[in-house]
Structures are given as C-alpha cells and as structure tokens.
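Listing of target04.cif, mmCIF, C-alpha atoms and all ligand atoms
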data_run
#
loop_
_atom_site.group_PDB
_atom_site.id
_atom_site.type_symbol
_atom_site.label_atom_id
_atom_site.label_comp_id
_atom_site.auth_asym_id
_atom_site.auth_seq_id
_atom_site.Cartn_x
_atom_site.Cartn_y
_atom_site.Cartn_z
ATOM 1 C CA MET V 1 -4.538 -6.668 31.198
ATOM 2 C CA LYS V 2 -2.967 -4.481 28.476
ATOM 3 C CA LEU V 3 -1.963 -7.545 26.471
ATOM 4 C CA ASN V 4 -5.580 -8.452 25.794
ATOM 5 C CA ARG V 5 -6.228 -5.033 24.349
ATOM 6 C CA LEU V 6 -3.145 -5.220 22.159
ATOM 7 C CA VAL V 7 -4.163 -8.580 20.743
ATOM 8 C CA LEU V 8 -7.654 -7.276 20.119
ATOM 9 C CA ASP V 9 -6.299 -4.178 18.360
ATOM 10 C CA CYS V 10 -4.125 -6.334 16.145
ATOM 11 C CA LEU V 11 -7.005 -8.629 15.216
ATOM 12 C CA ILE V 12 -9.193 -5.645 14.364
ATOM 13 C CA LEU V 13 -6.436 -4.178 12.211
ATOM 14 C CA ILE V 14 -5.960 -7.426 10.316
ATOM 15 C CA ALA V 15 -9.700 -7.787 9.779
ATOM 16 C CA PHE V 16 -9.904 -4.209 8.490
ATOM 17 C CA SER V 17 -7.017 -4.682 6.083
ATOM 18 C CA LYS V 18 -8.717 -7.824 4.721
ATOM 19 C CA VAL V 19 -11.938 -5.939 4.058
ATOM 20 C CA TYR V 20 -10.044 -3.060 2.507
ATOM 21 C CA VAL V 21 -8.004 -5.315 0.232
ATOM 22 C CA ASN V 22 -10.976 -7.374 -0.949
ATOM 23 C CA SER V 23 -13.024 -4.309 -1.663
ATOM 24 C CA SER V 24 -10.345 -2.790 -3.883
ATOM 25 C CA ALA V 25 -11.529 -4.728 -6.938
ATOM 26 C CA CYS V 26 -13.873 -2.575 -9.010
ATOM 27 C CA TYR V 27 -15.925 -5.016 -11.065
ATOM 28 C CA GLU V 28 -17.635 -2.411 -13.228
ATOM 29 C CA SER V 29 -14.248 -1.098 -14.385
ATOM 30 C CA ALA V 30 -13.683 -4.153 -16.617
ATOM 31 C CA ALA V 31 -16.510 -3.213 -18.972
ATOM 32 C CA THR V 32 -15.068 0.290 -19.440
ATOM 33 C CA ALA V 33 -11.521 -0.870 -20.286
ATOM 34 C CA THR V 34 -10.622 -0.183 -23.899
ATOM 35 C CA LYS V 35 -7.321 -0.363 -25.680
ATOM 36 C CA VAL V 36 -6.181 2.964 -27.128
ATOM 37 C CA LYS V 37 -3.265 3.822 -29.368
ATOM 38 C CA SER V 38 -1.970 6.537 -27.069
ATOM 39 C CA CYS V 39 -2.725 8.349 -23.861
ATOM 40 C CA PRO V 40 -3.159 12.068 -23.137
ATOM 41 C CA GLN V 41 0.128 13.937 -22.928
ATOM 42 C CA ASN V 42 -0.876 16.723 -20.572
ATOM 43 C CA HIS V 43 -3.508 17.871 -18.117
ATOM 44 C CA GLU V 44 -5.685 19.488 -20.780
ATOM 45 C CA GLU V 45 -5.756 16.422 -23.001
ATOM 46 C CA TRP V 46 -6.401 14.230 -19.987
ATOM 47 C CA THR V 47 -9.370 16.352 -18.946
ATOM 48 C CA LYS V 48 -10.806 16.301 -22.476
ATOM 49 C CA ALA V 49 -10.406 12.548 -22.730
ATOM 50 C CA ALA V 50 -12.022 12.176 -19.317
ATOM 51 C CA VAL V 51 -15.060 14.149 -20.455
ATOM 52 C CA LYS V 52 -15.297 12.013 -23.568
ATOM 53 C CA LYS V 53 -15.062 8.790 -21.590
ATOM 54 C CA GLY V 54 -17.832 9.991 -19.285
ATOM 55 C CA CYS V 55 -17.006 7.841 -16.274
ATOM 56 C CA GLY V 56 -19.349 9.962 -14.168
ATOM 57 C CA GLU V 57 -22.367 8.778 -16.145
ATOM 58 C CA ILE V 58 -21.708 5.066 -15.707
ATOM 59 C CA SER V 59 -23.317 3.396 -12.735
ATOM 60 C CA HIS V 60 -21.001 1.449 -10.484
ATOM 61 C CA ALA V 61 -20.570 0.150 -6.958
ATOM 62 C CA CYS V 62 -16.890 1.137 -6.679
ATOM 63 C CA SER V 63 -15.393 3.572 -4.188
ATOM 64 C CA SER V 64 -14.955 6.034 -7.057
ATOM 65 C CA PHE V 65 -14.926 5.902 -10.839
ATOM 66 C CA GLU V 66 -12.322 8.099 -12.458
ATOM 67 C CA TYR V 67 -10.890 8.350 -15.924
ATOM 68 C CA HIS V 68 -7.506 6.701 -16.371
ATOM 69 C CA CYS V 69 -5.214 6.057 -19.278
ATOM 70 C CA VAL V 70 -2.514 3.625 -18.202
ATOM 71 C CA ILE V 71 -0.496 0.675 -19.411
ATOM 72 C CA ASN V 72 -1.625 -2.926 -19.011
ATOM 73 C CA ALA V 73 0.049 -5.633 -16.954
ATOM 74 C CA TRP V 74 2.251 -6.713 -19.868
ATOM 75 C CA ARG V 75 3.249 -3.141 -20.714
ATOM 76 C CA ASN V 76 2.339 -3.645 -24.352
ATOM 77 C CA GLU V 77 -1.006 -1.807 -24.495
ATOM 78 C CA THR V 78 -2.371 1.504 -23.287
ATOM 79 C CA ILE V 79 -5.818 1.258 -21.768
ATOM 80 C CA GLU V 80 -8.511 3.801 -21.038
ATOM 81 C CA VAL V 81 -10.604 2.789 -18.093
ATOM 82 C CA CYS V 82 -12.892 4.148 -15.398
ATOM 83 C CA ALA V 83 -11.693 2.935 -12.014
ATOM 84 C CA PRO V 84 -10.957 4.133 -8.489
ATOM 85 C CA LYS V 85 -7.826 6.172 -8.060
ATOM 86 C CA TRP V 86 -4.862 4.286 -6.622
ATOM 87 C CA ILE V 87 -1.869 5.674 -4.784
ATOM 88 C CA VAL V 88 1.062 4.299 -6.750
ATOM 89 C CA HIS V 89 4.228 3.915 -4.728
ATOM 90 C CA GLY V 90 7.721 2.571 -5.228
ATOM 91 C CA TYR V 91 8.728 4.577 -8.321
ATOM 92 C CA VAL V 92 6.697 2.481 -10.719
ATOM 93 C CA CYS V 93 4.096 3.136 -13.400
ATOM 94 C CA ALA V 94 0.376 2.717 -12.904
ATOM 95 C CA GLU V 95 -1.288 -0.192 -14.679
ATOM 96 C CA TYR V 96 -4.818 -1.424 -15.110
ATOM 97 C CA SER V 97 -5.019 -5.005 -13.909
ATOM 98 C CA GLN V 98 -7.696 -6.838 -15.847
ATOM 99 C CA GLY V 99 -7.701 -9.652 -13.301
ATOM 100 C CA GLY V 100 -7.538 -7.476 -10.197
ATOM 101 C CA LYS V 101 -10.064 -5.106 -11.797
ATOM 102 C CA ARG V 102 -8.308 -2.060 -10.541
ATOM 103 C CA ILE V 103 -5.552 0.447 -11.105
ATOM 104 C CA GLN V 104 -2.329 -0.456 -9.306
ATOM 105 C CA GLY V 105 1.432 -0.156 -9.579
ATOM 106 C CA ASN V 106 3.273 -2.274 -12.126
ATOM 107 C CA GLU V 107 6.376 -3.550 -10.378
ATOM 108 C CA LYS V 108 8.002 -4.335 -13.704
ATOM 109 C CA ALA V 109 7.532 -0.831 -15.085
ATOM 110 C CA ALA V 110 10.084 1.309 -13.289
ATOM 111 C CA CYS V 111 9.449 5.049 -13.489
ATOM 112 C CA LYS V 112 12.526 7.199 -13.064
ATOM 113 C CA HIS V 113 10.749 10.536 -12.862
ATOM 114 C CA CYS V 114 7.827 9.459 -10.709
ATOM 115 C CA PRO V 115 7.696 10.567 -7.076
ATOM 116 C CA SER V 116 7.664 7.809 -4.462
ATOM 117 C CA TYR V 117 3.900 8.324 -4.072
ATOM 118 C CA TYR V 118 1.453 9.703 -6.599
ATOM 119 C CA PRO V 119 -2.241 9.375 -7.368
ATOM 120 C CA SER V 120 -2.955 7.328 -10.497
ATOM 121 C CA ASN V 121 -5.314 10.000 -11.844
ATOM 122 C CA GLU V 122 -2.196 12.052 -12.631
ATOM 123 C CA SER V 123 -0.517 9.428 -14.779
ATOM 124 C CA PHE V 124 -0.250 11.858 -17.702
ATOM 125 C CA LYS V 125 2.588 13.541 -15.807
ATOM 126 C CA TYR V 126 4.734 10.459 -16.260
ATOM 127 C CA GLN V 127 4.899 10.053 -20.013
ATOM 128 C CA GLU V 128 7.855 7.703 -19.725
ATOM 129 C CA CYS V 129 5.373 5.042 -18.627
ATOM 130 C CA TYR V 130 3.755 5.041 -22.038
ATOM 131 C CA GLU V 131 7.155 4.452 -23.623
ATOM 132 C CA TYR V 132 6.977 0.841 -22.501
ATOM 133 C CA VAL V 133 4.080 0.300 -24.860
ATOM 134 C CA LYS V 134 5.782 2.116 -27.717
ATOM 135 C CA ASN V 135 8.935 0.089 -27.244
ATOM 136 C CA ALA V 136 7.037 -3.178 -26.973
ATOM 137 C CA ASN V 137 5.275 -2.518 -30.263
ATOM 138 C CA ALA V 138 8.011 -0.647 -32.131
ATOM 139 C CA PRO V 139 9.812 -3.499 -33.923
ATOM 140 C CA LEU V 140 6.595 -5.081 -35.135
ATOM 141 C CA THR V 141 4.396 -2.154 -36.099
ATOM 142 C CA THR V 142 6.482 0.730 -37.365
ATOM 143 C CA GLN V 143 3.795 1.597 -39.869
ATOM 144 C CA LEU V 144 1.098 1.688 -37.262
ATOM 145 C CA THR V 145 2.982 4.014 -34.946
ATOM 146 C CA THR V 146 3.759 6.552 -37.661
ATOM 147 C CA GLU V 147 0.100 6.461 -38.562
ATOM 148 C CA SER V 148 -0.951 7.072 -35.003
ATOM 149 C CA THR V 149 1.360 10.058 -34.510
ATOM 150 C CA ASP V 150 -0.400 11.746 -37.418
ATOM 151 C CA MET V 151 -3.642 11.667 -35.564
ATOM 152 C CA GLU V 152 -4.310 14.813 -33.597
ATOM 153 C CA SER V 153 -6.736 13.496 -31.071
ATOM 154 C CA THR V 154 -5.361 11.539 -28.154
ATOM 155 C CA THR V 155 -8.404 9.407 -27.679
ATOM 156 C CA GLN V 156 -8.463 7.183 -30.686
ATOM 157 C CA GLU V 157 -10.846 4.569 -31.801
ATOM 158 C CA ILE V 158 -11.383 1.517 -29.729
ATOM 159 C CA VAL V 159 -9.522 -1.406 -31.132
ATOM 160 C CA TYR V 160 -10.575 -4.127 -28.744
ATOM 161 C CA SER V 161 -13.909 -4.523 -27.098
ATOM 162 C CA SER V 162 -13.773 -5.051 -23.385
ATOM 163 C CA SER V 163 -15.208 -8.557 -23.582
ATOM 164 C CA SER V 164 -12.464 -9.753 -25.887
ATOM 165 C CA MET V 165 -9.871 -8.270 -23.571
ATOM 166 C CA THR V 166 -11.145 -10.159 -20.600
ATOM 167 C CA HIS V 167 -9.706 -13.345 -22.025
ATOM 168 C CA LYS V 168 -6.299 -11.890 -22.635
ATOM 169 C CA GLU V 169 -5.093 -11.740 -19.103
ATOM 170 C CA GLY V 170 -5.209 -15.150 -17.491
ATOM 171 C CA PRO V 171 -6.542 -15.608 -13.972
ATOM 172 C CA ALA V 172 -3.147 -16.890 -12.843
ATOM 173 C CA ARG V 173 -1.477 -13.623 -13.674
ATOM 174 C CA SER V 174 -4.197 -11.545 -12.057
ATOM 175 C CA PHE V 175 -4.065 -13.566 -8.896
ATOM 176 C CA GLN V 176 -0.341 -13.019 -8.792
ATOM 177 C CA ASN V 177 -0.925 -9.296 -9.125
ATOM 178 C CA ILE V 178 -3.242 -9.186 -6.172
ATOM 179 C CA GLU V 179 -0.989 -11.375 -4.087
ATOM 180 C CA SER V 180 2.122 -9.347 -4.750
ATOM 181 C CA GLN V 181 0.459 -6.194 -3.483
ATOM 182 C CA ASN V 182 -1.268 -7.693 -0.487
ATOM 183 C CA THR V 183 1.312 -10.019 0.964
ATOM 184 C CA PRO V 184 3.736 -7.329 2.163
ATOM 185 C CA ARG V 185 0.891 -5.435 3.834
ATOM 186 C CA HIS V 186 -0.376 -8.453 5.728
ATOM 187 C CA PHE V 187 3.126 -9.455 6.520
ATOM 188 C CA THR V 188 3.819 -6.004 7.935
ATOM 189 C CA ILE V 189 0.770 -6.064 10.156
ATOM 190 C CA ILE V 190 1.504 -9.520 11.471
ATOM 191 C CA ALA V 191 5.171 -8.676 12.043
ATOM 192 C CA ILE V 192 4.252 -5.546 13.975
ATOM 193 C CA CYS V 193 1.634 -7.388 15.997
ATOM 194 C CA VAL V 194 4.250 -9.966 16.926
ATOM 195 C CA ALA V 195 6.699 -7.189 17.838
ATOM 196 C CA VAL V 196 4.114 -5.394 19.982
ATOM 197 C CA GLY V 197 3.163 -8.692 21.609
ATOM 198 C CA LEU V 198 6.793 -9.495 22.404
ATOM 199 C CA ALA V 199 7.306 -6.042 23.857
ATOM 200 C CA ALA V 200 4.236 -6.495 26.048
ATOM 201 C CA ILE V 201 5.586 -9.834 27.279
ATOM 202 C CA VAL V 202 8.937 -8.209 28.039
ATOM 203 C CA VAL V 203 7.156 -5.495 29.995
ATOM 204 C CA VAL V 204 5.059 -7.977 31.962
ATOM 205 C CA PHE V 205 8.106 -10.134 32.635
ATOM 206 C CA THR V 206 10.175 -7.200 33.846
ATOM 207 C CA VAL V 207 7.458 -6.093 36.237
ATOM 208 C CA LYS V 208 6.930 -9.650 37.533
ATOM 209 C CA ARG V 209 10.619 -10.235 38.062
ATOM 210 C CA GLN V 210 10.810 -6.959 39.898
ATOM 211 C CA SER V 211 8.174 -8.017 42.415
ATOM 212 C CA TRP V 212 9.936 -11.355 42.958
ATOM 213 C CA ILE V 213 13.113 -9.526 43.841
ATOM 214 C CA ASP V 214 11.012 -7.465 46.252
ATOM 215 C CA LYS V 215 10.138 -10.509 48.307
ATOM 216 C CA ILE V 216 13.730 -11.666 48.664
ATOM 217 C CA PHE V 217 15.117 -8.298 49.536
ATOM 218 C CA SER V 218 12.244 -7.470 51.837
ATOM 219 C CA TYR V 219 14.245 -4.922 53.786
ATOM 220 C CA LEU V 220 14.528 -2.924 50.552
ATOM 221 C CA LYS V 221 10.865 -3.344 49.823
ATOM 222 C CA ARG V 222 9.742 0.170 50.450
ATOM 223 C CA ILE V 223 12.419 1.726 48.213
ATOM 224 C CA ILE V 224 12.013 -0.816 45.421
ATOM 225 C CA SER V 225 8.223 -0.705 45.391
ATOM 226 C CA GLN V 226 8.440 3.042 45.021
ATOM 227 C CA SER V 227 10.691 2.711 42.010
ATOM 228 C CA GLU V 228 8.526 -0.088 40.697
ATOM 229 C CA GLU V 229 5.560 2.210 40.714
ATOM 230 C CA SER V 230 7.401 4.701 38.607
ATOM 231 C CA THR V 231 8.607 1.906 36.293
ATOM 232 C CA MET V 232 5.075 0.660 35.826
ATOM 233 C CA GLY V 233 3.859 4.153 35.103
ATOM 234 C CA LYS V 234 6.553 4.527 32.511
ATOM 235 C CA THR V 235 5.981 1.207 30.796
ATOM 236 C CA GLU V 236 2.278 1.831 30.632
ATOM 237 C CA SER V 237 2.749 5.198 29.023
ATOM 238 C CA VAL V 238 5.271 3.711 26.589
ATOM 239 C CA THR V 239 2.848 0.959 25.599
ATOM 240 C CA LYS V 240 0.087 3.506 25.237
ATOM 241 C CA LYS V 241 2.290 5.649 23.056
ATOM 242 C CA ILE V 242 3.144 2.714 20.806
ATOM 243 C CA VAL V 243 -0.507 1.865 20.319
ATOM 244 C CA GLU V 244 -1.773 5.398 19.904
ATOM 245 C CA ASP V 245 0.999 7.061 17.944
ATOM 246 C CA PRO V 246 -0.645 7.962 14.607
ATOM 247 C CA GLU V 247 2.641 7.515 12.809
ATOM 248 C CA ILE V 248 2.860 3.910 13.905
ATOM 249 C CA GLN V 249 -0.791 3.422 13.011
ATOM 250 C CA ASN V 250 0.067 4.628 9.518
ATOM 251 C CA CYS V 251 2.966 2.320 9.140
ATOM 252 C CA LEU V 252 0.840 -0.575 10.280
ATOM 253 C CA LEU V 253 -1.270 0.044 7.227
ATOM 254 C CA GLU V 254 1.220 1.254 4.684
ATOM 255 C CA LYS V 255 4.957 1.111 5.168
ATOM 256 C CA GLU V 256 6.867 -2.079 5.307
ATOM 257 C CA THR V 257 10.095 -0.161 5.531
ATOM 258 C CA GLN V 258 9.098 1.340 8.852
ATOM 259 C CA ILE V 259 8.988 -2.032 10.603
ATOM 260 C CA GLN V 260 12.619 -1.580 11.403
ATOM 261 C CA ASP V 261 11.947 1.779 13.004
ATOM 262 C CA VAL V 262 9.218 0.239 15.123
ATOM 263 C CA PHE V 263 11.500 -2.610 16.136
ATOM 264 C CA PHE V 264 14.109 -0.044 17.021
ATOM 265 C CA LYS V 265 11.654 1.962 19.119
ATOM 266 C CA LEU V 266 10.415 -1.138 20.857
ATOM 267 C CA ASN V 267 13.961 -2.230 21.621
ATOM 268 C CA GLU V 268 14.768 1.191 22.919
ATOM 269 C CA SER V 269 11.769 1.262 25.211
ATOM 270 C CA SER V 270 12.450 -2.217 26.542
ATOM 271 C CA ASP V 271 16.101 -1.240 27.009
ATOM 272 C CA ASN V 272 14.961 1.727 29.027
ATOM 273 C CA ILE V 273 12.775 -0.482 31.142
ATOM 274 C CA ASN V 274 15.599 -2.927 31.666
ATOM 275 C CA SER V 275 18.080 -0.232 32.590
ATOM 276 C CA ASN V 276 15.517 1.262 34.950
ATOM 277 C CA ALA V 277 15.066 -2.101 36.570
ATOM 278 C CA VAL V 278 18.814 -2.594 36.864
ATOM 279 C CA SER V 279 19.481 0.853 38.254
ATOM 280 C CA SER V 280 16.805 0.428 40.876
HETATM 281 C C1 LIG O 1 0.742 -8.258 -24.950
HETATM 282 O O1 LIG O 1 1.386 -9.342 -24.339
HETATM 283 C C2 LIG O 1 0.547 -10.454 -24.065
HETATM 284 C C3 LIG O 1 1.359 -11.491 -23.328
HETATM 285 O O2 LIG O 1 2.594 -11.687 -23.885
HETATM 286 C C4 LIG O 1 -0.036 -10.984 -25.385
HETATM 287 O O3 LIG O 1 -0.910 -12.051 -25.115
HETATM 288 C C5 LIG O 1 -0.771 -9.882 -26.096
HETATM 289 O O4 LIG O 1 -1.240 -10.306 -27.345
HETATM 290 C C6 LIG O 1 0.137 -8.672 -26.279
HETATM 291 N N1 LIG O 1 -0.614 -7.580 -26.860
HETATM 292 C C7 LIG O 1 -0.146 -6.889 -27.901
HETATM 293 C C8 LIG O 1 -1.001 -5.799 -28.394
HETATM 294 O O5 LIG O 1 0.951 -7.123 -28.387
HETATM 295 C C1 LIG O 2 -6.546 13.755 -8.973
HETATM 296 O O1 LIG O 2 -7.188 13.646 -7.721
HETATM 297 C C2 LIG O 2 -6.884 14.711 -6.829
HETATM 298 C C3 LIG O 2 -7.592 14.429 -5.557
HETATM 299 O O2 LIG O 2 -7.071 13.321 -4.924
HETATM 300 C C4 LIG O 2 -7.310 16.036 -7.404
HETATM 301 O O3 LIG O 2 -6.926 17.073 -6.558
HETATM 302 C C5 LIG O 2 -6.656 16.231 -8.760
HETATM 303 O O4 LIG O 2 -7.156 17.400 -9.362
HETATM 304 C C6 LIG O 2 -6.963 15.044 -9.666
HETATM 305 N N1 LIG O 2 -6.243 15.211 -10.902
HETATM 306 C C7 LIG O 2 -6.825 15.100 -12.084
HETATM 307 C C8 LIG O 2 -5.963 15.296 -13.253
HETATM 308 O O5 LIG O 2 -8.008 14.850 -12.200
#
Please render this file's structure as structure tokens.
Ligand SMILES: *[C@@H]1O[C@H](CO)[C@@H](O)[C@H](O)[C@H]1NC(C)=O
Ligand SMILES: *[C@@H]1O[C@H](CO)[C@@H](O)[C@H](O)[C@H]1NC(C)=O
Amino acid sequence: MKLNRLVLDCLILIAFSKVYVNSSACYESAATATKVKSCPQNHEEWTKAAVKKGCGEISHACSSFEYHCVINAWRNETIEVCAPKWIVHGYVCAEYSQGGKRIQGNEKAACKHCPSYYPSNESFKYQECYEYVKNANAPLTTQLTTESTDMESTTQEIVYSSSSMTHKEGPARSFQNIESQNTPRHFTIIAICVAVGLAAIVVVFTVKRQSWIDKIFSYLKRIISQSEESTMGKTESVTKKIVEDPEIQNCLLEKETQIQDVFFKLNESSDNINSNAVSS
C-alpha cells in the first residue's frame, strides 16, 4: 500500500541526489583556474575582473560558468576561475577545489562575517576570506606583498599556468573534499527514509492491532470500527503530509540539522495515533 510508494519515493530521491552530486564537477573550470596575487575588493572591481576574465566566451558543458576569485583548498593561494556558482553554507569561505573541479565551501576557512548561506559569486563581500592567503604567505614573502599592494589593478598577472596547478592538489585531497560534502547529504536522505519507513510500519502495525482487538471484543465492533475509520483517515493524511510537505522535501535535500525536527514530527504523529488508539 502506502509503504511501497514511500520506498519508491526514497529511492528516487537518492538516485536524484547521486546524479546531482556527480554532475557538480565542472571539468572545463580547471583550464580557467589561475593563481592571482589578490582578489577584487568590491562589487565594481569584481565586475571589471569578470569582464576581463570573459567566462561567457569560453565554451563549457557546466550548469553555468561564472567568474570567481576565491581561495584554494590549502588557503595559501587566491584563484580566479570560471565555474558554476555554489551556495556556500556553514559560515565558511568559498574555495575552488582543483580535484572536485568546482567552487565549494572550505570547512577549514571559518568566516565570521559570512551569512549562513551565500552564493559564491558574491565572495568579494567577505574579504576576511582572502586574509587566509595573506597570512599564509606573510612570513615568507614580505617583499612580495608590499609589491603587490602597490599595484592598482586587482587582476594581476598569471603566475601559474593551469596545467602546472593541476599537479599541485593530489587526488587524495580532492576525493576527500567531495566526500566530505556528499556524505552528510546522503546520510540525511537515508536517515529520513529510514525514519519515514519506521513511521509507516508503526502506522500499519497500529491499524492491524486495532482490527485484532475488534475480533476479540466483537460486541464493541461497531463503535471501534467507526473510530478505526477515523484513525485510518488521520494516519493517511499525516503520512501524506509528511511526504508532500515542501519543507520536509527541502530538508531531505539540504539540511542535516532538520532531521531532528522530522524525527520529532514523526514521533508526535505516531504518538497521536497511539493515543487515539488507546482512547478508543
Ligand atoms: C600551498 O600549500 C600546498 C600544500 O601545503 C603547497 O604544496 C603549495 O606549494 C603551497 N602554495 C604556496 C603558494 O605556498
Ligand atoms: C550572483 O548571482 C545572483 C543570482 O543568483 C545575482 O542576482 C547577483 O547579481 C550575482 N552577483 C554578482 C556579483 O554577479
């Protein structure tokens, strides 16, 4: 009955998230990645640098191809790159992952003034992220940094070619990057599927038990079957709500933190069912 549909929905969701995750690598971005001495400091500079980079004129098979100036995975270089925009969450800086071939959050680069969610194409708003690079290079290259502050333009000459950069970030590190972003999402989906499945079993069990009681107390049958009808109506609408609620759909895809809310809701609804069963 309903259980089959739930399982099917969960499988579809998992399949979709797999496709989505795998397609987030933008292979053409790697060739556009260049190390720069500094990144734009405001919207105007960002726009100018974007025009200069000309991401729009480069052919690609990515979902989009936008100018970015972000830190690298090791937080010791600033990189200009054309890549799809990424929603960075968790109060961290945006990075370009050479291995993952995409823009993503850098868990090791905390960003105090970032909002909990922001699009990576607005990284210039969070200048503190570029400080990581300055700090990483400060003790070694004091001369270089004073030199670079003298330069007026924000888009400086390319120091590394993209092909030489490809070797700098090992495949192990890049794999780790991808894993660390994907695992919680898959975990969330599976956890919620399990929760929904358990709730469905509880519902089925409650209804079954109810009808068993019916047979024993046959003289109460008419009254109980009436209340059972209303219980079944309720549980069905609750299950429907759980599956169709857009908020829960969102959290299936995005928010690990909302699992607890879902568990809570599921508990509540099964509590209701139980108390209904008891009271009848
Ligand atoms: C950044 O760090 C990585 C790993 O420690 C290192 O291989 C690379 O040379 C560093 N880059 C710079 C510019 O210091
Ligand atoms: C970033 O993308 C959003 C659309 O998601 C757009 O409204 C905004 O203007 C973009 N910002 C920049 C600096 O390009």
Counting all atoms listed in the file, which residues of chain V sit at most 7 Å from some atom of ligand LIG 1 (chain O), and what is each one's closest atom pair with its distance in Å to one decimal, listed by chain and rising residue number, as JSON lines?
{"residue": "V:Trp74", "atom": "CA", "partner": "O:LIG1", "partner_atom": "O1", "distance": 5.3}
{"residue": "V:Asn76", "atom": "CA", "partner": "O:LIG1", "partner_atom": "C1", "distance": 4.9}
{"residue": "V:Glu77", "atom": "CA", "partner": "O:LIG1", "partner_atom": "C8", "distance": 5.6}
{"residue": "V:Asn137", "atom": "CA", "partner": "O:LIG1", "partner_atom": "O5", "distance": 6.6}
{"residue": "V:Lys168", "atom": "CA", "partner": "O:LIG1", "partner_atom": "O3", "distance": 5.9}
(request) Return as a PyMOL selection string every polymer residue, whether protein, DNA or RNA, with at least one atom no more than 9 Å from an atom of ligand LIG 2 (chain O); count only C-alpha atoms and all ligand atoms. (result) chain V and resi 43-44+46-47+50+66-67+85+119-124
(request) Kindly extract all protein, DNA and RNA residues lying within 7 Å of the coordinates (-9.4, 1.5, -23.3) given in the file, considering all atoms listed in the file, and supply them as a PyMOL selection string. (result) chain V and resi 32-36+79-81+158
(request) Quick one: residues within 12 Å of (7.8, 2.4, -22.4) (file frame), counting all atoms listed in the file, please, as a VMD selection string. (result) chain V and resid 38 70 to 72 74 to 78 92 to 93 108 to 112 126 to 138
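Reported to one decimal place, the separation of CA of Cys69 in chain V from CA of Ser97 in chain V is 12.3 Å.
For the choices V:Lys101, V:Ser63, V:Ala94, V:Glu57, the atom-to-atom distance to Ser29 in chain V is smallest for V:Lys101 when using all atoms listed in the file.
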(request) Could you jot down the CA of His60 in chain V to CA of Gln104 in chain V separation for me, Å, one decimal place? (result) 18.8 Å
(request) Run the PyMOL selection byres (((chain V and resi 117) around 10) and not hetatm) against the file shown and list the residues it catches, as number ranges by chain. (result) V: 86-92, 114-116, 118-120
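Counting from CA of Cys82 in chain V, the distance to CA of Cys55 in chain V is 5.6 Å.
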(request) Please write as a ChimeraX atom specification the full residue list that the PyMOL selection byres (((chain V and resi 26) around 8) and not hetatm) yields on this file. (result) /V:23-25,27-30,61-63,83-84,101-102
